[in-house]
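In what follows, a structure is listed as C-alpha cells, so that the remarks can point back to it.
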Amino acid sequence: MTKAGFSARSNLLGAIAWMRWRLFVNSLRTRRGKLELASRAVVGLGFAIFGFGGAAGMGAAAFFFLWGGKPELLALLLWPIFFFWQGFPIMATAFTNNPDSSELLRFPLNYSSYFLVRLAYGAADPASALGSLWSLGILAGVGFARPRLIPWALLVLLAFAAFNLLFLQLLFAWIERWLARRRTREIMGIMFLLLVLGVQLIGPLLGYWQNRRWPETHRFVELLIPLQKILPPGLAARSIAQVALSQFTAGFYSLVLLSAFGFAVGYCLHRRLLAQYRGESLSQTSAGSVVPKDRRLRLGWNLPGFASPVAAVFEKETRSLLRSGPVLLTLIMPIFFLVIFRLGPLNFARHPGTAFLGHTSGMVFPAAAGLALLTLTNLVYNNFGGDGSGAQFFYACPVKFHDIVLGKNVTHAGILALQTVVMWVVVACLFGRPSIDITIVSLVGLFAATVNFFVGNLLSIYAPKKSDYATFGRQRASQITVLIGMGVQVLVVVMAGGAFWAARHYGSVWIGNLILLMLVVVSLAAYRAILGRIDRFAEQRKEMLIAELCRA
Amino acid sequence: MDAAPTICTQSLTRRFGEFVAVDGIDLRVPAGQFFGFLGPNGAGKSTTIRMLTGLLAPSSGRIEILGLDLATHAVEVKRQIGVVPEGMALFGRLTGYEFLNFAGRMYGLDRETAASRTVELLDFMQLADQPKKLVADYSHGMQKKLAMAAAVIHGPKVLFLDEPFEGLDAIAAGTLKAMLQGMIARGATIFLTSHVLEIVERLCSHVAIIHHGRLVAQGALEELRAGVEAQTPAVAGGSLGSRGERMTLEQMFLRTVGGTRTDQELSWLV
C-alpha cells in the first residue's frame, strides 16, 4: 500500500473511532445516558468477574486434564467457549438496537478498510473478550501442567480464536439485517430467555433422571463424540492433546485442519462482505405480500357493563399485549418457576419431609398468585409506557382519562384473573388441588392487591417511561416507580403474610380473610378516589407525559 | 361585519422557562377556509398547533374553537376537531384496521359506523392491501396516511394538520388534496402548517405568518400579497413587480420574515 493510501485508511478508521467516541460522550448529556453508563459499569463488573472466574476455572480444569493424562478432555472446555462466543452476541442483539456497520458503506471506504472495521467491531464484543480470556485461562492451565506445551497451545488457541472471530462475523454478515427487524429480534430474545430458563431446569432434571436408564441417549452421545473431533473446538483440543502425547504429526495435521476451517470461514466472510461492499444485501427482506383488499366489517369488541371507549381501550390494550413476545413471556414466567420448584426443591416425592417448603405445599398457590401479580407490575405501574407517541391521541380525542385508565385497568385485571386460573390449574396438576380455604384466601388477597392499581395509575401519570414491547432490553422503569413499587409490594406481602400468619395462629382461615378484606375495602376506596381525579392529574401532567413518551 | 371565526385566540402565549415560544398571538381563522400557518423553523408553529388542539396548555391567553372556550369545553371541542400532530400519535402494535376502528370509537362512533368508515378510509388511502401489517411496520408515508384517516374518521368540522404532505408520494398527496378540498367545499375549516409554500399557495385562501413567536402577517392571501407588493419597490430586471408579475408566496414569506438567502458561495463545491 502506498503511503498516501495508508494515511487515507488511517484517517477513515480514525474518523470512525472518533464518531463512536462522540456518540458515547454525547449519550452522557442526559440523565438517562449517565444511568446507562452506571449500569454498564455494573454489567462490566459482572462480566469481569464472570470472565476472570471462568478463566480461573478453565485453567484449573485444563491443568487437571493434562496432569491426569487426559488432555483430550480439553474439548469439554473448548466447546462451551465456542458456543458462548457464537451464541451470546447473536442472542444479545435482541436486547439492543444493533448498529449496522454496513451503513458505513455510504462513505468512500475501500474494501480492505471495510473488512478491517468489521473485524474490529467483532473483536470489541464482550463475548470475544470473554472467549479470549477463557482461552488464556486454558493456556495458563496447560502451561502449568506442561510448560513445554505453551508455544504449541498458544498457536492452536490463536487459530481457534481467529476461527471464532471470523465465524461470528460470518454469522452476523448473514443475519444482521434480519435481526434489525422487530419480529425476528423478538423471536431471538424469547429463545434466549427460554435458554436461560432451560439452564435452570438442567439441575432438577438431572436429579430427576439420575437413576434412570436411557440407552437412546447413550447411543446418541456415542455418535457425537467422533463427530466433534473433526470440528474446530474438537480439533483444537485434539491438536494440543496429540502433541502432549508426543504425536507431533497428528497434532500438526489437526492444527492444519483447524486452520483450514478458519481459512474457509474467512473466505466465505470475504465473499459475503465483498458482495455487501458492492451493494448487495442478500438478507434484505422482500416487501410484504399484497393480498386482495379486505372489505369485511369487523366490529370492535363489546364489554358488557362498560362504556364504548372503555371497551375500545380494552381491545387495543389486549391486542397490543398479545402481540408482544416479551410481555407474553413475562406473563407465563410463573409457570416455569412452578415447574422448576416441582422438579427441584419441592420434589418431595423423592425426599419426603426434607424438601424446601415440603411441609408447606399448601402455600404454593398463594405464592404463585403473588408471583403472577408481580409479573404485571411493569404494565400496571407504567400504563402509558407502551403507547409511546400514541399517548398524544388520548389527549386529542374527546374521551375522559377516567375511561382510558379504566380500560387499561380492566385489561390488566383480566390478565391477572386469567393468570390466576392458569396458576390454579398448574398447581393442581403439579402439586395437588389447593384447598378451598387456601383458594379463597388467595383470591381475597388478590383483591387486596387493588392497591397496586391505584398506585400504578398515579405513577403512570406522574412518572411515565416510554417502553418498547418489542424488545427485552432498555425497559428500565423510572427510579421513582421502582422505589414506590417496591414499597407497595412490601406492604402487600406484609399484609398478606400477616393475614396468613393470623389464620394459622388462630386456626381459622376466616380471620385471614377478614384482615385481607379490610385491605380490599381500603384499596377499592382509594382506587375509586384516584380514578375520579385522574382527569385532573392527567391534565396537570400533560406536557411532561407527552414529552416523556414522545421522546425518540 | 365578519362572521364569527372558527378558530380565535387572544394573547395566546407559551413559555418554556425563559424562552417565549409563542408570544401573545391573536389568530382569526374564518369558517370554511383553508388556512395556512407559516413560519421559519423554530418560529412556534407546532407549539401553536399543539395548544389549539389541547395537546399543550398555554401559559396565558385564550383559545376559542367553534365558539367554545377550549379551556372549559375541551371534550366538546375535541369531538368536533381532527388532528394530525407532529408525532402522528399512532399505536404501533395495532394493524391499520384496528387503529382506525379504535380511533372511530374513541371519537364517539358506534361500532358499526366505526367499522364501515374504517373499511372505506383504508380503501381510500390505499392501505387496504396489507391488512395484517402492524402500524409499527408501516413506511413513514403509510403512517402519515393512517394518521390522516384517523383524524377525519368522525367527520370533524375543523381539521388541524402539522406538515400533512411530508413523506407522501405524489399520488397520495394528490388524493389527500382532493379530500381536503372536498371537506372545504362542504364547509369544514382546515388549519395546516407546511414548509412547502407552493402547496400552501395552491390550497390556502388565508394565511398567517409567525416569526420568533409573534404573528407578523395574517389575512386573505390575495390581500396580503397586494400589501407586500405595494411596499416593495419594483426592481429593474428583477422578478418582483418588474413585468407585472405577481409575487409568489415564497417571495412574500421571505420579505415578511426578513429572511434572505445567503450570497456566500462554497468555492470548493463543483
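Chain labels run A, B, ... following the order of the C-alpha cells; each chain numbers its residues from 1, and ligands are numbered from 1 in the order shown.
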
Item to check | Non-local contacts of segment 164-169 of chain B (10 Å; only C-alpha atoms; under 2 positions in same chain excluded) as a list of chain:residue names | outcome: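 Listed by chain and then number, they are B:Val84, B:Pro85, B:Glu86, B:Met88, B:Ser139, B:His140, B:Gly141, B:Met142, B:Gln143, B:Lys144, B:Lys145, B:Ala147, B:Met148, B:Phe160, B:Leu161, B:Asp162, B:Ile171, B:Ala172, B:Ala173, B:Gly174, B:Leu176, B:Lys177, B:Leu192, B:Thr193, B:Ser194, B:His195, B:Val196, B:Ile199.
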
Could you save those same residues with N, CA and C atoms as a PDB file, in the first residue's frame?
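As a result, again24.pdb now contains:
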```pdb
ATOM      1  N   VAL B  84     -53.755  15.888  13.169  1.00  0.00           N
ATOM      2  CA  VAL B  84     -52.575  15.063  12.867  1.00  0.00           C
ATOM      3  C   VAL B  84     -51.384  15.805  13.467  1.00  0.00           C
ATOM      4  N   PRO B  85     -50.981  15.416  14.686  1.00  0.00           N
ATOM      5  CA  PRO B  85     -49.886  16.149  15.324  1.00  0.00           C
ATOM      6  C   PRO B  85     -48.530  15.747  14.747  1.00  0.00           C
ATOM      7  N   GLU B  86     -47.511  16.430  15.245  1.00  0.00           N
ATOM      8  CA  GLU B  86     -46.154  16.225  14.733  1.00  0.00           C
ATOM      9  C   GLU B  86     -45.723  14.756  14.823  1.00  0.00           C
ATOM     10  N   MET B  88     -47.570  12.143  15.010  1.00  0.00           N
ATOM     11  CA  MET B  88     -48.614  11.337  14.375  1.00  0.00           C
ATOM     12  C   MET B  88     -49.521  10.564  15.336  1.00  0.00           C
ATOM     13  N   SER B 139     -44.450   2.152   6.389  1.00  0.00           N
ATOM     14  CA  SER B 139     -43.482   3.179   5.990  1.00  0.00           C
ATOM     15  C   SER B 139     -43.975   4.525   6.543  1.00  0.00           C
ATOM     16  N   HIS B 140     -43.093   5.543   6.493  1.00  0.00           N
ATOM     17  CA  HIS B 140     -43.466   6.856   7.015  1.00  0.00           C
ATOM     18  C   HIS B 140     -44.711   7.398   6.292  1.00  0.00           C
ATOM     19  N   GLY B 141     -44.712   7.235   4.979  1.00  0.00           N
ATOM     20  CA  GLY B 141     -45.841   7.735   4.191  1.00  0.00           C
ATOM     21  C   GLY B 141     -47.143   7.034   4.549  1.00  0.00           C
ATOM     22  N   MET B 142     -47.070   5.721   4.755  1.00  0.00           N
ATOM     23  CA  MET B 142     -48.276   4.960   5.131  1.00  0.00           C
ATOM     24  C   MET B 142     -48.779   5.412   6.498  1.00  0.00           C
ATOM     25  N   GLN B 143     -47.825   5.658   7.416  1.00  0.00           N
ATOM     26  CA  GLN B 143     -48.235   6.117   8.746  1.00  0.00           C
ATOM     27  C   GLN B 143     -48.923   7.473   8.647  1.00  0.00           C
ATOM     28  N   LYS B 144     -48.389   8.321   7.767  1.00  0.00           N
ATOM     29  CA  LYS B 144     -48.981   9.636   7.604  1.00  0.00           C
ATOM     30  C   LYS B 144     -50.417   9.513   7.098  1.00  0.00           C
ATOM     31  N   LYS B 145     -50.609   8.626   6.123  1.00  0.00           N
ATOM     32  CA  LYS B 145     -51.959   8.447   5.568  1.00  0.00           C
ATOM     33  C   LYS B 145     -52.905   7.896   6.644  1.00  0.00           C
ATOM     34  N   ALA B 147     -52.612   8.291   9.908  1.00  0.00           N
ATOM     35  CA  ALA B 147     -52.885   9.359  10.879  1.00  0.00           C
ATOM     36  C   ALA B 147     -53.948  10.307  10.325  1.00  0.00           C
ATOM     37  N   MET B 148     -53.848  10.582   9.022  1.00  0.00           N
ATOM     38  CA  MET B 148     -54.824  11.454   8.372  1.00  0.00           C
ATOM     39  C   MET B 148     -56.222  10.815   8.407  1.00  0.00           C
ATOM     40  N   PHE B 160     -56.855  20.047  12.008  1.00  0.00           N
ATOM     41  CA  PHE B 160     -55.530  20.636  12.233  1.00  0.00           C
ATOM     42  C   PHE B 160     -54.477  19.665  11.704  1.00  0.00           C
ATOM     43  N   LEU B 161     -53.646  20.131  10.796  1.00  0.00           N
ATOM     44  CA  LEU B 161     -52.663  19.250  10.174  1.00  0.00           C
ATOM     45  C   LEU B 161     -51.269  19.863  10.298  1.00  0.00           C
ATOM     46  N   ASP B 162     -50.361  19.120  10.926  1.00  0.00           N
ATOM     47  CA  ASP B 162     -48.981  19.599  11.043  1.00  0.00           C
ATOM     48  C   ASP B 162     -48.153  18.895   9.966  1.00  0.00           C
ATOM     49  N   ILE B 171     -48.979  10.543  -5.687  1.00  0.00           N
ATOM     50  CA  ILE B 171     -50.352  10.031  -5.823  1.00  0.00           C
ATOM     51  C   ILE B 171     -51.114  10.263  -4.517  1.00  0.00           C
ATOM     52  N   ALA B 172     -50.466   9.903  -3.403  1.00  0.00           N
ATOM     53  CA  ALA B 172     -51.124  10.054  -2.103  1.00  0.00           C
ATOM     54  C   ALA B 172     -51.395  11.521  -1.808  1.00  0.00           C
ATOM     55  N   ALA B 173     -50.405  12.383  -2.144  1.00  0.00           N
ATOM     56  CA  ALA B 173     -50.583  13.819  -1.882  1.00  0.00           C
ATOM     57  C   ALA B 173     -51.763  14.355  -2.701  1.00  0.00           C
ATOM     58  N   GLY B 174     -51.879  13.896  -3.942  1.00  0.00           N
ATOM     59  CA  GLY B 174     -52.983  14.335  -4.797  1.00  0.00           C
ATOM     60  C   GLY B 174     -54.325  13.893  -4.234  1.00  0.00           C
ATOM     61  N   LEU B 176     -55.009  13.190  -1.174  1.00  0.00           N
ATOM     62  CA  LEU B 176     -55.255  13.915   0.075  1.00  0.00           C
ATOM     63  C   LEU B 176     -55.748  15.339  -0.195  1.00  0.00           C
ATOM     64  N   LYS B 177     -55.105  15.981  -1.175  1.00  0.00           N
ATOM     65  CA  LYS B 177     -55.515  17.355  -1.505  1.00  0.00           C
ATOM     66  C   LYS B 177     -56.976  17.362  -1.953  1.00  0.00           C
ATOM     67  N   LEU B 192     -53.504  24.292   8.503  1.00  0.00           N
ATOM     68  CA  LEU B 192     -52.334  23.443   8.264  1.00  0.00           C
ATOM     69  C   LEU B 192     -51.034  24.221   8.338  1.00  0.00           C
ATOM     70  N   THR B 193     -50.004  23.529   8.737  1.00  0.00           N
ATOM     71  CA  THR B 193     -48.657  24.101   8.654  1.00  0.00           C
ATOM     72  C   THR B 193     -47.913  23.305   7.597  1.00  0.00           C
ATOM     73  N   SER B 194     -47.100  23.976   6.846  1.00  0.00           N
ATOM     74  CA  SER B 194     -46.290  23.275   5.851  1.00  0.00           C
ATOM     75  C   SER B 194     -45.108  24.153   5.475  1.00  0.00           C
ATOM     76  N   HIS B 195     -44.008  23.497   5.166  1.00  0.00           N
ATOM     77  CA  HIS B 195     -42.847  24.243   4.668  1.00  0.00           C
ATOM     78  C   HIS B 195     -42.837  24.300   3.149  1.00  0.00           C
ATOM     79  N   VAL B 196     -43.759  23.526   2.541  1.00  0.00           N
ATOM     80  CA  VAL B 196     -43.810  23.530   1.078  1.00  0.00           C
ATOM     81  C   VAL B 196     -44.766  24.654   0.668  1.00  0.00           C
ATOM     82  N   ILE B 199     -47.435  24.378  -2.145  1.00  0.00           N
ATOM     83  CA  ILE B 199     -48.688  23.682  -1.800  1.00  0.00           C
ATOM     84  C   ILE B 199     -49.622  24.635  -1.064  1.00  0.00           C
TER      85      ILE B 199
END
```

Item to check | Selection near segment 95-112 of chain B, 7 Å with only C-alpha atoms, sequence-local residues under 5 positions removed, as a list in words | outcome: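 Residues meeting the cut-off are Leu299, Gly300, Ser308, Pro309, Ala312, Cys397, Pro398 and Val399 of chain A; Arg79, Thr118, Pro131, Lys132, Lys133, Leu134, Val135, Leu146, Ala150, Ile153 and His154 of chain B.
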
Deliver the residues from the most recent selection as a file, using N, CA and C atoms, as a PDB file, in the first residue's frame.
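Printed below is selection-v9.pdb as written:
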```
ATOM      1  N   LEU A 299     -66.444  -5.773  13.622  1.00  0.00           N
ATOM      2  CA  LEU A 299     -66.822  -4.842  14.686  1.00  0.00           C
ATOM      3  C   LEU A 299     -65.835  -4.911  15.837  1.00  0.00           C
ATOM      4  N   GLY A 300     -65.656  -3.770  16.503  1.00  0.00           N
ATOM      5  CA  GLY A 300     -64.804  -3.754  17.682  1.00  0.00           C
ATOM      6  C   GLY A 300     -65.453  -4.530  18.817  1.00  0.00           C
ATOM      7  N   SER A 308     -68.408   2.453  25.640  1.00  0.00           N
ATOM      8  CA  SER A 308     -67.718   2.060  24.397  1.00  0.00           C
ATOM      9  C   SER A 308     -66.216   2.410  24.408  1.00  0.00           C
ATOM     10  N   PRO A 309     -65.815   3.620  24.866  1.00  0.00           N
ATOM     11  CA  PRO A 309     -64.379   3.919  24.876  1.00  0.00           C
ATOM     12  C   PRO A 309     -63.581   2.969  25.782  1.00  0.00           C
ATOM     13  N   ALA A 312     -63.121  -0.067  23.865  1.00  0.00           N
ATOM     14  CA  ALA A 312     -62.149   0.155  22.784  1.00  0.00           C
ATOM     15  C   ALA A 312     -60.720   0.112  23.332  1.00  0.00           C
ATOM     16  N   CYS A 397     -58.289  13.066  21.670  1.00  0.00           N
ATOM     17  CA  CYS A 397     -59.644  12.557  21.443  1.00  0.00           C
ATOM     18  C   CYS A 397     -60.595  12.990  22.579  1.00  0.00           C
ATOM     19  N   PRO A 398     -61.871  13.000  22.277  1.00  0.00           N
ATOM     20  CA  PRO A 398     -62.834  13.525  23.265  1.00  0.00           C
ATOM     21  C   PRO A 398     -63.260  12.484  24.299  1.00  0.00           C
ATOM     22  N   VAL A 399     -62.305  11.831  24.917  1.00  0.00           N
ATOM     23  CA  VAL A 399     -62.621  10.815  25.929  1.00  0.00           C
ATOM     24  C   VAL A 399     -61.919  11.189  27.218  1.00  0.00           C
TER      25      VAL A 399
ATOM     26  N   ARG B  79     -64.463  16.760  20.214  1.00  0.00           N
ATOM     27  CA  ARG B  79     -65.413  15.945  19.466  1.00  0.00           C
ATOM     28  C   ARG B  79     -65.579  16.470  18.030  1.00  0.00           C
ATOM     29  N   THR B 118     -63.985   2.653   8.681  1.00  0.00           N
ATOM     30  CA  THR B 118     -62.616   2.143   8.655  1.00  0.00           C
ATOM     31  C   THR B 118     -62.325   1.491   7.309  1.00  0.00           C
ATOM     32  N   PRO B 131     -53.631  -5.955   5.190  1.00  0.00           N
ATOM     33  CA  PRO B 131     -54.466  -5.811   6.388  1.00  0.00           C
ATOM     34  C   PRO B 131     -53.819  -6.327   7.674  1.00  0.00           C
ATOM     35  N   LYS B 132     -52.852  -7.234   7.549  1.00  0.00           N
ATOM     36  CA  LYS B 132     -52.279  -7.796   8.781  1.00  0.00           C
ATOM     37  C   LYS B 132     -51.001  -7.086   9.222  1.00  0.00           C
ATOM     38  N   LYS B 133     -50.588  -6.107   8.445  1.00  0.00           N
ATOM     39  CA  LYS B 133     -49.342  -5.415   8.771  1.00  0.00           C
ATOM     40  C   LYS B 133     -49.557  -4.498   9.983  1.00  0.00           C
ATOM     41  N   LEU B 134     -48.616  -4.542  10.924  1.00  0.00           N
ATOM     42  CA  LEU B 134     -48.728  -3.665  12.095  1.00  0.00           C
ATOM     43  C   LEU B 134     -48.313  -2.243  11.723  1.00  0.00           C
ATOM     44  N   VAL B 135     -48.893  -1.278  12.412  1.00  0.00           N
ATOM     45  CA  VAL B 135     -48.586   0.129  12.140  1.00  0.00           C
ATOM     46  C   VAL B 135     -47.084   0.389  12.310  1.00  0.00           C
ATOM     47  N   LEU B 146     -52.377   6.987   7.447  1.00  0.00           N
ATOM     48  CA  LEU B 146     -53.216   6.399   8.502  1.00  0.00           C
ATOM     49  C   LEU B 146     -53.598   7.463   9.545  1.00  0.00           C
ATOM     50  N   ALA B 150     -57.319   8.652  10.554  1.00  0.00           N
ATOM     51  CA  ALA B 150     -57.823   8.661  11.929  1.00  0.00           C
ATOM     52  C   ALA B 150     -58.347  10.041  12.306  1.00  0.00           C
ATOM     53  N   ILE B 153     -61.995  10.391  10.615  1.00  0.00           N
ATOM     54  CA  ILE B 153     -62.971   9.288  10.668  1.00  0.00           C
ATOM     55  C   ILE B 153     -64.319   9.726  11.254  1.00  0.00           C
ATOM     56  N   HIS B 154     -64.309  10.726  12.120  1.00  0.00           N
ATOM     57  CA  HIS B 154     -65.556  11.148  12.759  1.00  0.00           C
ATOM     58  C   HIS B 154     -66.181  12.349  12.042  1.00  0.00           C
TER      59      HIS B 154
END
```

Checklist entry - From the set B:Leu266, B:Leu55, B:Ile25, B:Ala151, which residue has the shortest atom-to-atom contact distance to chain A, counting only C-alpha atoms? => result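 Looking only at the distances to chain A, the closest residue turns out to be B:Leu55.
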
Next on the checklist: Could you list, as a PyMOL selection string, every residue within 12 Å of Ile209 of chain B, counting only C-alpha atoms and ignoring same-chain residues fewer than 2 positions away?
Outcome noted: chain B and resi 25-27+35-41+43-45+48+192-195+197+200+206-207+211-221+224+249-250+252-258

Next on the checklist: Which residue is closest to Met544 of chain A? Choose from A:Gln392, A:Asn110, A:Ser246, A:Asn378 and count only C-alpha atoms.
Outcome noted: A:Gln392

Item to check | Pairwise distance for atom CA of Leu133 of chain A and atom CA of Leu37 of chain A, rounded to one decimal in Å | outcome: 23.3 Å

Item to check | Within 10 Å of Leu68 of chain B using only C-alpha atoms, minus same-chain residues under 6 positions, as a PyMOL selection string | outcome: chain B and resi 6-8+74+76-77

Next on the checklist: I'd like to know which residues of segment 13-197 of chain B are helix (DSSP H, G or I) (by DSSP, run on the backbone); could you write them as a ChimeraX atom specification?
Outcome noted: /B:45-52,74-80,96-106,111-124,135-137,140-152,170-185,197

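Between atom CA of Val380 of chain A and atom CA of Ile436 of chain A there is a distance of 28.5 Å.
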
Item to check | Within 9 Å of Arg296 of chain A using only C-alpha atoms, minus same-chain residues under 4 positions, as an MDAnalysis selection string | outcome: chainID B and resid 115:116 119
